[in-house]
$ cat model-v3.csv   # CSV, C-alpha atoms and all ligand atoms
chain,number,residue,atom,x,y,z
U,1,MET,CA,109.3,112.2,129.5
U,2,SER,CA,110.2,109.1,127.5
U,3,LYS,CA,107.8,107.9,124.9
U,4,LYS,CA,105.5,104.9,125.4
U,5,VAL,CA,106.8,101.7,123.9
U,6,CYS,CA,104.7,100.1,121.1
U,7,LEU,CA,105.5,96.5,120.2
U,8,THR,CA,104.0,93.8,118.0
U,9,GLY,CA,105.0,90.6,116.3
U,10,ILE,CA,103.9,88.5,113.3
U,11,LYS,CA,104.5,84.8,113.1
U,12,ALA,CA,106.6,83.5,110.2
U,13,THR,CA,104.0,81.1,108.9
U,14,GLY,CA,103.5,82.4,105.3
U,15,MET,CA,103.2,85.5,103.3
U,16,PRO,CA,101.1,88.0,105.4
U,17,HIS,CA,97.5,88.5,104.1
U,18,LEU,CA,95.0,91.4,103.9
U,19,GLY,CA,93.7,90.4,107.4
U,20,ASN,CA,97.2,90.7,108.9
U,21,TYR,CA,97.5,94.1,107.1
U,22,VAL,CA,94.3,95.7,108.5
U,23,GLY,CA,94.5,94.0,111.9
U,24,ALA,CA,98.2,94.4,112.8
U,25,ILE,CA,100.5,95.8,110.1
U,26,LYS,CA,98.6,99.0,109.2
U,27,PRO,CA,97.7,100.1,112.7
U,28,ALA,CA,101.3,99.4,113.9
U,29,ILE,CA,102.8,101.4,111.0
U,30,ASP,CA,100.3,104.3,111.6
U,31,MET,CA,101.3,104.3,115.3
U,32,ALA,CA,105.0,104.3,114.5
U,33,ASN,CA,104.5,107.2,112.0
U,34,SER,CA,102.5,109.2,114.6
U,35,GLY,CA,105.8,109.9,116.4
U,36,LEU,CA,104.2,109.2,119.7
U,37,TYR,CA,105.8,105.9,120.4
U,38,ASP,CA,109.1,104.1,120.5
U,39,SER,CA,108.2,101.3,118.1
U,40,TYR,CA,109.5,97.7,118.1
U,41,TYR,CA,108.2,95.2,115.6
U,42,PHE,CA,109.5,91.7,115.1
U,43,ILE,CA,109.2,88.4,113.3
U,44,ALA,CA,108.1,85.8,115.7
U,45,ASP,CA,110.1,82.9,114.2
U,46,TYR,CA,110.3,80.9,117.4
U,47,HIS,CA,106.5,81.0,117.6
U,48,SER,CA,106.4,79.5,114.1
U,49,LEU,CA,108.5,76.6,115.2
U,50,VAL,CA,105.4,75.3,116.9
U,51,SER,CA,104.2,74.3,113.5
U,52,ILE,CA,106.9,74.9,110.8
U,53,HIS,CA,109.5,72.2,110.9
U,54,ASP,CA,111.1,72.7,107.5
U,55,PRO,CA,114.2,74.9,107.7
U,56,LYS,CA,113.8,76.2,104.1
U,57,LEU,CA,110.3,77.2,104.8
U,58,MET,CA,111.2,78.8,108.1
U,59,ARG,CA,113.9,80.9,106.4
U,60,SER,CA,111.7,81.9,103.6
U,61,PHE,CA,108.7,82.8,105.7
U,62,SER,CA,110.9,84.9,108.0
U,63,TYR,CA,112.1,86.9,105.0
U,64,GLU,CA,108.5,87.2,103.7
U,65,VAL,CA,107.2,88.7,106.9
U,66,ALA,CA,110.2,91.2,107.1
U,67,ALA,CA,109.7,92.2,103.5
U,68,ALA,CA,106.0,92.6,104.0
U,69,TRP,CA,106.6,95.0,106.9
U,70,LEU,CA,109.0,97.0,104.8
U,71,ALA,CA,107.0,97.0,101.6
U,72,MET,CA,103.8,98.2,103.4
U,73,GLY,CA,105.6,101.2,104.6
U,74,LEU,CA,107.6,100.4,107.8
U,75,ASP,CA,110.5,102.9,108.0
U,76,PRO,CA,113.5,101.3,109.7
U,77,SER,CA,114.8,104.7,110.8
U,78,ARG,CA,111.6,105.1,112.9
U,79,VAL,CA,110.9,101.5,113.9
U,80,THR,CA,113.3,98.9,115.3
U,81,LEU,CA,112.6,95.8,113.2
U,82,TYR,CA,114.1,92.5,114.5
U,83,LYS,CA,113.8,88.8,114.6
U,84,GLN,CA,112.7,87.1,117.9
U,85,SER,CA,115.4,84.4,117.6
U,86,ASP,CA,118.1,87.0,117.5
U,87,ILE,CA,117.2,88.1,121.1
U,88,PRO,CA,118.1,85.0,123.3
U,89,GLU,CA,117.2,87.0,126.4
U,90,ILE,CA,113.5,86.5,125.5
U,91,LEU,CA,114.0,82.8,126.1
U,92,GLU,CA,115.7,83.4,129.5
U,93,LEU,CA,112.7,85.6,130.4
U,94,HIS,CA,110.4,82.8,129.1
U,95,TRP,CA,111.6,80.5,131.9
U,96,ILE,CA,111.2,83.2,134.6
U,97,THR,CA,107.7,84.0,133.4
U,98,SER,CA,106.9,80.3,133.1
U,99,CYS,CA,107.4,80.0,136.9
U,100,PHE,CA,104.7,82.6,137.4
U,101,THR,CA,102.1,81.2,135.1
U,102,ILE,CA,99.3,79.1,136.5
U,103,LYS,CA,98.9,76.0,134.5
U,104,GLY,CA,95.1,76.5,134.2
U,105,LEU,CA,95.8,79.7,132.2
U,106,MET,CA,97.4,77.6,129.5
U,107,ASN,CA,94.6,75.1,129.5
U,108,ARG,CA,92.2,77.9,128.6
U,109,ALA,CA,94.4,79.4,125.9
U,110,HIS,CA,92.5,79.3,122.6
U,111,ALA,CA,95.1,77.9,120.2
U,112,TYR,CA,95.6,74.9,122.5
U,113,LYS,CA,91.9,74.5,123.2
U,114,ALA,CA,91.1,74.5,119.6
U,115,GLN,CA,93.5,71.6,118.9
U,116,VAL,CA,92.0,69.6,121.8
U,117,GLN,CA,88.5,70.3,120.5
U,118,ASP,CA,89.5,69.1,117.0
U,119,ASN,CA,90.9,66.0,118.6
U,120,GLU,CA,87.6,65.4,120.4
U,121,VAL,CA,85.6,65.7,117.2
U,122,LEU,CA,87.9,63.3,115.5
U,123,GLU,CA,87.9,60.9,118.5
U,124,ARG,CA,91.6,61.2,118.9
U,125,ASP,CA,93.7,61.4,122.1
U,126,ALA,CA,93.2,64.9,123.6
U,127,ASP,CA,97.0,65.5,123.3
U,128,HIS,CA,97.3,64.5,119.7
U,129,GLY,CA,99.4,67.0,117.8
U,130,VAL,CA,100.0,69.2,120.9
U,131,ASN,CA,103.7,70.0,121.5
U,132,ILE,CA,104.7,71.9,124.6
U,133,GLY,CA,105.5,74.9,122.4
U,134,LEU,CA,101.8,75.2,121.4
U,135,TYR,CA,100.7,74.7,125.0
U,136,THR,CA,103.0,77.4,126.4
U,137,TYR,CA,102.7,79.7,123.3
U,138,PRO,CA,101.2,82.6,125.4
U,139,ILE,CA,104.1,82.5,127.8
U,140,LEU,CA,106.6,83.1,125.0
U,141,MET,CA,104.4,85.9,123.7
U,142,ALA,CA,104.2,87.5,127.2
U,143,SER,CA,108.0,87.3,127.3
U,144,ASP,CA,108.3,89.0,123.9
U,145,ILE,CA,106.2,91.9,125.2
U,146,MET,CA,107.9,92.2,128.7
U,147,ILE,CA,111.5,92.0,127.5
U,148,LEU,CA,111.0,95.6,126.3
U,149,ASN,CA,108.4,96.6,128.9
U,150,ALA,CA,106.0,97.4,126.2
U,151,ASP,CA,103.1,99.7,127.0
U,152,VAL,CA,100.9,99.1,124.0
U,153,VAL,CA,100.5,96.1,121.6
U,154,PRO,CA,98.6,96.6,118.3
U,155,VAL,CA,97.0,93.3,117.4
U,156,GLY,CA,94.0,91.7,115.8
U,157,ALA,CA,91.1,90.9,118.2
U,158,ASP,CA,92.0,87.2,118.1
U,159,GLN,CA,95.1,88.1,120.2
U,160,LEU,CA,93.3,89.8,123.0
U,161,GLN,CA,93.3,86.7,125.2
U,162,HIS,CA,97.1,86.4,124.9
U,163,ILE,CA,97.5,90.0,126.1
U,164,GLU,CA,95.2,89.3,129.0
U,165,ILE,CA,97.4,86.3,129.9
U,166,ALA,CA,100.6,88.5,129.6
U,167,ARG,CA,99.0,90.9,132.1
U,168,ASP,CA,98.1,88.1,134.5
U,169,ILE,CA,101.7,86.8,134.4
U,170,ALA,CA,103.2,90.3,135.0
U,171,THR,CA,100.8,90.8,137.9
U,172,ALA,CA,101.8,87.5,139.5
U,173,PHE,CA,105.5,88.4,139.2
U,174,ASN,CA,104.9,91.9,140.5
U,175,ASN,CA,102.9,90.6,143.5
U,176,THR,CA,106.1,88.9,144.6
U,177,TYR,CA,108.9,91.2,143.7
U,178,GLY,CA,107.3,94.7,143.4
U,179,ASN,CA,106.4,96.6,140.3
U,180,LYS,CA,109.0,95.3,137.9
U,181,LEU,CA,107.0,94.4,134.8
U,182,LYS,CA,104.6,96.7,132.9
U,183,LEU,CA,101.1,95.5,132.2
U,184,PRO,CA,100.7,95.8,128.5
U,185,LYS,CA,97.6,97.2,126.8
U,186,ALA,CA,96.2,95.7,123.6
U,187,ILE,CA,95.2,98.1,120.8
U,188,VAL,CA,92.6,96.6,118.5
U,189,ARG,CA,90.8,98.3,115.7
U,190,GLU,CA,87.4,99.8,116.1
U,191,GLY,CA,84.7,97.3,117.0
U,192,ASN,CA,87.2,94.5,117.5
U,193,LYS,CA,86.4,93.6,113.9
U,194,LEU,CA,88.4,90.9,112.1
U,195,LEU,CA,88.6,91.0,108.4
U,196,SER,CA,86.5,88.2,106.8
U,197,GLY,CA,88.1,85.8,104.4
U,198,LEU,CA,86.8,84.7,100.9
U,199,ASP,CA,84.3,82.4,102.6
U,200,GLY,CA,83.0,84.9,105.1
U,201,ARG,CA,84.8,83.3,108.1
U,202,LYS,CA,87.8,85.2,109.7
U,203,MET,CA,90.5,85.6,107.1
U,204,SER,CA,93.3,83.2,108.1
U,205,LYS,CA,96.1,81.2,106.6
U,206,SER,CA,94.9,78.2,108.5
U,207,TYR,CA,91.5,78.4,106.7
U,208,GLY,CA,93.0,78.9,103.2
U,209,ASN,CA,90.4,81.7,102.7
U,210,HIS,CA,93.0,84.5,102.6
U,211,ILE,CA,94.3,87.0,100.1
U,212,PRO,CA,98.1,87.1,100.3
U,213,LEU,CA,99.3,90.7,100.3
U,214,PHE,CA,101.6,90.4,97.3
U,215,SER,CA,99.5,88.3,95.0
U,216,SER,CA,100.0,89.1,91.4
U,217,ASP,CA,97.3,91.0,89.5
U,218,LYS,CA,96.3,87.7,87.9
U,219,ASP,CA,96.1,85.7,91.2
U,220,LEU,CA,94.2,88.6,92.9
U,221,LYS,CA,91.6,88.4,90.1
U,222,LYS,CA,91.2,84.7,90.6
U,223,LEU,CA,90.9,85.0,94.3
U,224,ILE,CA,88.3,87.7,94.1
U,225,ASN,CA,86.3,85.6,91.6
U,226,ARG,CA,86.1,83.0,94.3
U,227,ILE,CA,83.9,85.2,96.5
U,228,THR,CA,80.4,83.6,96.3
U,229,THR,CA,77.5,85.8,95.3
U,230,ASP,CA,73.8,85.2,95.0
U,231,SER,CA,72.0,84.7,91.7
U,232,SER,CA,70.4,88.2,91.4
U,233,GLY,CA,70.8,89.7,87.9
U,234,PRO,CA,73.1,92.6,87.0
U,235,THR,CA,70.5,95.3,87.0
U,236,GLU,CA,68.9,94.3,90.3
U,237,PRO,CA,69.5,96.5,93.4
U,238,LYS,CA,71.8,94.9,96.0
U,239,ASN,CA,72.2,95.3,99.7
U,240,PRO,CA,75.7,96.6,100.5
U,241,ALA,CA,75.3,95.4,104.2
U,242,GLU,CA,75.1,91.8,103.1
U,243,SER,CA,77.9,91.8,100.5
U,244,LEU,CA,81.4,90.5,101.3
U,245,ILE,CA,82.6,92.3,98.2
U,246,PHE,CA,81.3,95.6,99.6
U,247,ASP,CA,82.8,94.9,103.0
U,248,PHE,CA,86.3,94.4,101.4
U,249,TYR,CA,85.8,97.4,99.2
U,250,SER,CA,85.0,99.7,102.1
U,251,GLU,CA,88.0,98.5,104.0
U,252,PHE,CA,90.5,99.6,101.2
U,253,ALA,CA,88.7,102.4,99.3
U,254,THR,CA,88.4,106.1,100.3
U,255,PRO,CA,85.1,107.1,102.0
U,256,GLU,CA,84.0,108.8,98.7
U,257,GLN,CA,84.7,105.7,96.6
U,258,THR,CA,82.7,103.7,99.2
U,259,GLU,CA,79.7,106.0,99.0
U,260,ALA,CA,79.8,105.9,95.2
U,261,LEU,CA,79.8,102.1,95.2
U,262,ARG,CA,77.0,102.1,97.8
U,263,ALA,CA,74.9,104.2,95.4
U,264,ARG,CA,75.6,101.8,92.5
U,265,TYR,CA,74.6,98.8,94.7
U,266,LEU,CA,71.3,100.5,95.5
U,267,ARG,CA,70.7,101.3,91.9
U,268,GLY,CA,71.7,97.9,90.7
U,269,ILE,CA,75.1,96.5,89.8
U,270,GLY,CA,76.4,93.3,88.3
U,271,TRP,CA,78.5,91.1,90.6
U,272,GLY,CA,81.2,91.0,88.0
U,273,GLU,CA,81.3,94.7,87.9
U,274,ALA,CA,81.5,95.0,91.7
U,275,LYS,CA,84.4,92.5,91.7
U,276,MET,CA,86.2,94.6,89.1
U,277,GLU,CA,85.9,97.7,91.3
U,278,LEU,CA,87.3,95.7,94.2
U,279,LEU,CA,90.2,94.5,92.1
U,280,SER,CA,91.0,98.0,91.1
U,281,VAL,CA,91.2,99.4,94.6
U,282,LEU,CA,93.3,96.5,95.8
U,283,ASN,CA,95.7,96.9,92.8
U,284,HIS,CA,96.0,100.6,93.5
U,285,LEU,CA,96.9,99.9,97.2
U,286,LEU,CA,99.3,97.1,96.4
U,287,LYS,CA,101.0,98.1,93.1
U,288,GLU,CA,104.0,99.8,94.7
U,289,PRO,CA,104.4,97.5,97.7
U,290,ARG,CA,104.3,94.5,95.3
U,291,GLU,CA,107.3,95.9,93.4
U,292,MET,CA,109.2,96.8,96.6
U,293,TYR,CA,108.4,93.3,98.0
U,294,ALA,CA,109.8,91.6,94.9
U,295,GLU,CA,112.9,93.7,95.0
U,296,LEU,CA,113.6,92.9,98.7
U,297,MET,CA,113.0,89.2,98.2
U,298,VAL,CA,115.4,89.0,95.2
U,299,ASN,CA,118.3,90.1,97.3
U,300,THR,CA,117.7,89.6,101.0
U,301,THR,CA,121.0,91.2,102.2
U,302,LYS,CA,119.1,94.5,102.8
U,303,ILE,CA,116.7,92.7,105.1
U,304,ASP,CA,119.6,90.9,106.9
U,305,ARG,CA,121.2,94.2,107.6
U,306,ILE,CA,118.1,95.9,108.9
U,307,LEU,CA,117.4,92.9,111.2
U,308,GLU,CA,121.0,92.8,112.5
U,309,GLU,CA,120.7,96.5,113.3
U,310,GLY,CA,117.4,95.9,115.0
U,311,ALA,CA,118.8,93.1,117.2
U,312,ALA,CA,121.8,95.2,118.1
U,313,LYS,CA,119.5,97.9,119.4
U,314,VAL,CA,117.2,95.6,121.3
U,315,ARG,CA,119.7,93.3,123.0
U,316,PRO,CA,121.3,95.8,125.4
U,317,GLN,CA,117.8,96.9,126.6
U,318,ALA,CA,116.8,93.2,127.0
U,319,GLN,CA,120.0,92.5,128.9
U,320,ALA,CA,119.5,95.4,131.3
U,321,LEU,CA,115.9,94.3,132.1
U,322,LEU,CA,117.1,90.7,132.7
U,323,LYS,CA,119.9,91.9,134.9
U,324,ASP,CA,117.4,93.7,137.1
U,325,LEU,CA,115.0,90.7,137.2
U,326,LYS,CA,117.7,88.3,138.0
U,327,TYR,CA,118.7,90.4,141.0
U,328,SER,CA,115.1,90.6,142.0
U,329,ILE,CA,114.6,86.8,142.0
U,330,GLY,CA,117.9,86.3,143.8
U,331,VAL,CA,119.9,84.4,141.2
U,332,LYS,CA,122.3,87.3,141.1
E,401,LIG,P1,96.8,83.8,110.8
E,401,LIG,O1,95.5,83.7,111.5
E,401,LIG,O2,96.5,84.0,109.3
E,401,LIG,O3,97.7,82.7,111.0
E,401,LIG,P2,98.5,85.4,112.4
E,401,LIG,O4,98.0,84.6,113.6
E,401,LIG,O5,99.9,85.3,112.0
E,401,LIG,O6,97.5,85.2,111.2
E,401,LIG,O7,98.2,87.0,112.8
E,401,LIG,C1,99.2,88.1,112.8
E,401,LIG,C2,98.5,89.3,113.2
E,401,LIG,O8,97.4,89.6,112.3
E,401,LIG,C3,97.8,89.2,114.6
E,401,LIG,O9,97.9,90.5,115.2
E,401,LIG,C4,96.4,88.9,114.3
E,401,LIG,O10,95.5,89.3,115.3
E,401,LIG,C5,96.1,89.7,113.0
E,401,LIG,N1,95.1,89.1,112.2
E,401,LIG,C6,95.1,87.8,111.7
E,401,LIG,N2,94.0,87.6,110.9
E,401,LIG,C7,93.2,88.7,111.0
E,401,LIG,C8,92.0,89.1,110.4
E,401,LIG,N3,91.3,88.3,109.7
E,401,LIG,N4,91.5,90.4,110.7
E,401,LIG,C9,92.2,91.2,111.5
E,401,LIG,N5,93.4,90.9,112.0
E,401,LIG,C10,93.9,89.7,111.8
E,402,LIG,N1,100.8,85.5,118.7
E,402,LIG,C1,100.8,86.4,117.6
E,402,LIG,C2,100.0,85.9,116.4
E,402,LIG,O1,99.7,84.8,116.4
E,402,LIG,C3,102.2,86.8,117.2
E,402,LIG,C4,103.0,87.3,118.3
E,402,LIG,C5,104.0,86.6,118.9
E,402,LIG,C6,102.9,88.5,119.0
E,402,LIG,N2,104.6,87.4,119.9
E,402,LIG,C7,103.9,88.6,120.0
E,402,LIG,C8,102.0,89.6,118.8
E,402,LIG,C9,104.0,89.7,120.8
E,402,LIG,C10,102.2,90.7,119.6
E,402,LIG,C11,103.2,90.8,120.6
E,402,LIG,O2,99.6,86.7,115.6
$ encode --input "model-v3.csv" --output "structure tokens" --more "lines below"
Ligand code: ADP
Ligand code: TRP
Amino acid sequence: MSKKVCLTGIKATGMPHLGNYVGAIKPAIDMANSGLYDSYYFIADYHSLVSIHDPKLMRSFSYEVAAAWLAMGLDPSRVTLYKQSDIPEILELHWITSCFTIKGLMNRAHAYKAQVQDNEVLERDADHGVNIGLYTYPILMASDIMILNADVVPVGADQLQHIEIARDIATAFNNTYGNKLKLPKAIVREGNKLLSGLDGRKMSKSYGNHIPLFSSDKDLKKLINRITTDSSGPTEPKNPAESLIFDFYSEFATPEQTEALRARYLRGIGWGEAKMELLSVLNHLLKEPREMYAELMVNTTKIDRILEEGAAKVRPQAQALLKDLKYSIGVK
């Protein structure tokens, strides 16, 4: 029996951060390494075009995302890594899927809704800053998933709505033409938890509260120092359940290290000391990836080659699927 297809994408909107790592990159790499799936991971550069209109930035962010996947352990001999814009078939499918998407679904999509709500607060026209790419963003995402008939999609919990929309679109298509498109299943980490950012809200590039994955030791220290703490003294006991530092720590440390820090919190620990412990586990996790990332970014020809090979593998499969769908809808 053929393996299930696992697929996920990351937008090229900046260097990935720790939230992207725990929510999407790490689970996806673990799934690929399990050997249970055929894995396809990509850089969603056309999705970035919704907001990135500077060609230099677009190029550089695309390389940053590819380098991040590779530096955090993606093995290109086990995973097909590619760039969305190298697979034009996705855009053909985008049109077909658009014709099976109820407009109301897009009105409810959260990225678009958030923009409309911001406009309301600022008393601007509801459509201010909304391009059609933002409005139909979930349809392109559905097409990314369906072009390879993916079974499972590892993503952060904020993407669950998009996967639901993809399922709705596939169902609408299948209701007319028979079971042609698979209904994808989202894989989110336990408890649907999103990693918090430095200010306690969801870590996100758009909130500027994120820790970029490949920050230097010095920058990492500065960012960790920004985490706000209360005024309790260094010998006073502290509650680990109410500490963002502890939250971060337990995410990246071993269970033994986490238990040891918990005990120190209960006995009494200075915030400065707790921050140093956090810095040390993050540096340990990121030391080698940081070096590999720097190497990949100095000479991007290796990334180019990997992405070209990825696209060459994906395109024939994408073409076969489209051929079948075109026959189904009657344009062939
Ligand atoms: P951002 O919100 O910073 O722009 P993206 O939208 O590019 O991040 O997210 C890429 C992937 O990382 C998605 O699967 C998303 O669900 C996941 N992700 C983003 N932020 C977090 C977070 N704070 N915790 C867990 N997963 C996250
Ligand atoms: N929308 C996702 C995000 O903002 C990125 C993405 C685009 C994606 N296409 C995808 C994720 C397909 C999973 C599958 O993070």
$ closest_residue --input "model-v3.csv" --among "U:Asp217, U:Asp38, U:Glu259, U:Glu190" --to "His284 (chain U)" --atoms "all atoms listed in the file"
U:Asp217
$ atom_distance --input "model-v3.csv" --atom1 "CA of Asp125 (chain U)" --atom2 "CA of Asn107 (chain U)"
15.6 Å
$ atom_distance --input "model-v3.csv" --atom1 "CA of Leu321 (chain U)" --atom2 "CA of Ile25 (chain U)"
26.9 Å
$ closest_atom_pairs --input "model-v3.csv" --of "chain U" --to "ligand LIG 401 (chain E)" --cutoff "10 Å" --atoms "only C-alpha atoms and all ligand atoms" --output "tab-separated table"
residue	atom	partner	partner_atom	distance
U:Thr8	CA	E:LIG401	O9	7.5
U:Gly9	CA	E:LIG401	O9	7.2
U:Ile10	CA	E:LIG401	C1	4.7
U:Lys11	CA	E:LIG401	O5	4.8
U:Ala12	CA	E:LIG401	O5	7.2
U:Thr13	CA	E:LIG401	O5	6.6
U:Gly14	CA	E:LIG401	O3	8.1
U:Met15	CA	E:LIG401	O2	9.1
U:Pro16	CA	E:LIG401	O5	7.2
U:His17	CA	E:LIG401	O2	6.9
U:Leu18	CA	E:LIG401	C8	7.5
U:Gly19	CA	E:LIG401	C8	3.7
U:Asn20	CA	E:LIG401	O8	3.6
U:Tyr21	CA	E:LIG401	O8	6.9
U:Val22	CA	E:LIG401	C9	5.8
U:Gly23	CA	E:LIG401	N5	3.3
U:Ala24	CA	E:LIG401	O9	4.6
U:Ile25	CA	E:LIG401	O8	7.3
U:Lys26	CA	E:LIG401	O8	10.0
U:Pro27	CA	E:LIG401	O9	9.9
U:Ala28	CA	E:LIG401	O9	9.6
U:Ile43	CA	E:LIG401	O5	9.9
U:Ala44	CA	E:LIG401	O5	9.0
U:His47	CA	E:LIG401	O5	9.7
U:Ser48	CA	E:LIG401	O5	9.0
U:Val65	CA	E:LIG401	O5	9.5
U:Ala111	CA	E:LIG401	O4	9.8
U:Val153	CA	E:LIG401	O9	8.9
U:Pro154	CA	E:LIG401	O9	6.9
U:Val155	CA	E:LIG401	O9	3.7
U:Gly156	CA	E:LIG401	O10	2.9
U:Ala157	CA	E:LIG401	O10	5.5
U:Asp158	CA	E:LIG401	O10	4.9
U:Gln159	CA	E:LIG401	O10	5.1
U:Leu160	CA	E:LIG401	O10	8.0
U:Ile187	CA	E:LIG401	O9	9.8
U:Val188	CA	E:LIG401	O10	8.5
U:Arg189	CA	E:LIG401	C9	8.4
U:Asn192	CA	E:LIG401	C9	8.5
U:Lys193	CA	E:LIG401	C9	6.7
U:Leu194	CA	E:LIG401	N4	3.4
U:Leu195	CA	E:LIG401	N4	3.7
U:Ser196	CA	E:LIG401	N3	5.6
U:Gly197	CA	E:LIG401	N3	6.7
U:Arg201	CA	E:LIG401	N3	8.4
U:Lys202	CA	E:LIG401	N3	4.7
U:Met203	CA	E:LIG401	N3	3.8
U:Ser204	CA	E:LIG401	O2	3.5
U:Lys205	CA	E:LIG401	O2	3.9
U:Ser206	CA	E:LIG401	O3	5.9
U:Tyr207	CA	E:LIG401	O2	7.9
U:Gly208	CA	E:LIG401	O2	8.7
U:Asn209	CA	E:LIG401	O2	9.3
U:His210	CA	E:LIG401	O2	7.6
U:Ile211	CA	E:LIG401	O2	9.9
U:Pro212	CA	E:LIG401	O2	9.7
$ write_last_selection --input "model-v3.csv" --atoms "C-alpha atoms" --output "PDB file, in the frame of the given file"
ATOM      1  CA  THR U   8     104.000  93.800 118.000  1.00  0.00           C
ATOM      2  CA  GLY U   9     105.000  90.600 116.300  1.00  0.00           C
ATOM      3  CA  ILE U  10     103.900  88.500 113.300  1.00  0.00           C
ATOM      4  CA  LYS U  11     104.500  84.800 113.100  1.00  0.00           C
ATOM      5  CA  ALA U  12     106.600  83.500 110.200  1.00  0.00           C
ATOM      6  CA  THR U  13     104.000  81.100 108.900  1.00  0.00           C
ATOM      7  CA  GLY U  14     103.500  82.400 105.300  1.00  0.00           C
ATOM      8  CA  MET U  15     103.200  85.500 103.300  1.00  0.00           C
ATOM      9  CA  PRO U  16     101.100  88.000 105.400  1.00  0.00           C
ATOM     10  CA  HIS U  17      97.500  88.500 104.100  1.00  0.00           C
ATOM     11  CA  LEU U  18      95.000  91.400 103.900  1.00  0.00           C
ATOM     12  CA  GLY U  19      93.700  90.400 107.400  1.00  0.00           C
ATOM     13  CA  ASN U  20      97.200  90.700 108.900  1.00  0.00           C
ATOM     14  CA  TYR U  21      97.500  94.100 107.100  1.00  0.00           C
ATOM     15  CA  VAL U  22      94.300  95.700 108.500  1.00  0.00           C
ATOM     16  CA  GLY U  23      94.500  94.000 111.900  1.00  0.00           C
ATOM     17  CA  ALA U  24      98.200  94.400 112.800  1.00  0.00           C
ATOM     18  CA  ILE U  25     100.500  95.800 110.100  1.00  0.00           C
ATOM     19  CA  LYS U  26      98.600  99.000 109.200  1.00  0.00           C
ATOM     20  CA  PRO U  27      97.700 100.100 112.700  1.00  0.00           C
ATOM     21  CA  ALA U  28     101.300  99.400 113.900  1.00  0.00           C
ATOM     22  CA  ILE U  43     109.200  88.400 113.300  1.00  0.00           C
ATOM     23  CA  ALA U  44     108.100  85.800 115.700  1.00  0.00           C
ATOM     24  CA  HIS U  47     106.500  81.000 117.600  1.00  0.00           C
ATOM     25  CA  SER U  48     106.400  79.500 114.100  1.00  0.00           C
ATOM     26  CA  VAL U  65     107.200  88.700 106.900  1.00  0.00           C
ATOM     27  CA  ALA U 111      95.100  77.900 120.200  1.00  0.00           C
ATOM     28  CA  VAL U 153     100.500  96.100 121.600  1.00  0.00           C
ATOM     29  CA  PRO U 154      98.600  96.600 118.300  1.00  0.00           C
ATOM     30  CA  VAL U 155      97.000  93.300 117.400  1.00  0.00           C
ATOM     31  CA  GLY U 156      94.000  91.700 115.800  1.00  0.00           C
ATOM     32  CA  ALA U 157      91.100  90.900 118.200  1.00  0.00           C
ATOM     33  CA  ASP U 158      92.000  87.200 118.100  1.00  0.00           C
ATOM     34  CA  GLN U 159      95.100  88.100 120.200  1.00  0.00           C
ATOM     35  CA  LEU U 160      93.300  89.800 123.000  1.00  0.00           C
ATOM     36  CA  ILE U 187      95.200  98.100 120.800  1.00  0.00           C
ATOM     37  CA  VAL U 188      92.600  96.600 118.500  1.00  0.00           C
ATOM     38  CA  ARG U 189      90.800  98.300 115.700  1.00  0.00           C
ATOM     39  CA  ASN U 192      87.200  94.500 117.500  1.00  0.00           C
ATOM     40  CA  LYS U 193      86.400  93.600 113.900  1.00  0.00           C
ATOM     41  CA  LEU U 194      88.400  90.900 112.100  1.00  0.00           C
ATOM     42  CA  LEU U 195      88.600  91.000 108.400  1.00  0.00           C
ATOM     43  CA  SER U 196      86.500  88.200 106.800  1.00  0.00           C
ATOM     44  CA  GLY U 197      88.100  85.800 104.400  1.00  0.00           C
ATOM     45  CA  ARG U 201      84.800  83.300 108.100  1.00  0.00           C
ATOM     46  CA  LYS U 202      87.800  85.200 109.700  1.00  0.00           C
ATOM     47  CA  MET U 203      90.500  85.600 107.100  1.00  0.00           C
ATOM     48  CA  SER U 204      93.300  83.200 108.100  1.00  0.00           C
ATOM     49  CA  LYS U 205      96.100  81.200 106.600  1.00  0.00           C
ATOM     50  CA  SER U 206      94.900  78.200 108.500  1.00  0.00           C
ATOM     51  CA  TYR U 207      91.500  78.400 106.700  1.00  0.00           C
ATOM     52  CA  GLY U 208      93.000  78.900 103.200  1.00  0.00           C
ATOM     53  CA  ASN U 209      90.400  81.700 102.700  1.00  0.00           C
ATOM     54  CA  HIS U 210      93.000  84.500 102.600  1.00  0.00           C
ATOM     55  CA  ILE U 211      94.300  87.000 100.100  1.00  0.00           C
ATOM     56  CA  PRO U 212      98.100  87.100 100.300  1.00  0.00           C
TER      57      PRO U 212
END
$ closest_residue --input "model-v3.csv" --among "U:Ala142, U:Leu74, U:Lys83, U:Ser39" --to "ligand LIG 402 (chain E)" --atoms "all atoms listed in the file"
U:Ala142
$ axis_aligned_box --input "model-v3.csv" --around "ligand LIG 402 (chain E)" --padding-each-side "5 Å" --output "lines of an AutoDock Vina configuration file"
center_x = 102.1
center_y = 87.8
center_z = 118.2
size_x = 15.0
size_y = 16.0
size_z = 15.2
$ closest_residue --input "model-v3.csv" --among "U:Pro138, U:Gly178, U:Gly191, U:Gly270" --to "ligand LIG 402 (chain E)" --atoms "only C-alpha atoms and all ligand atoms"
U:Pro138
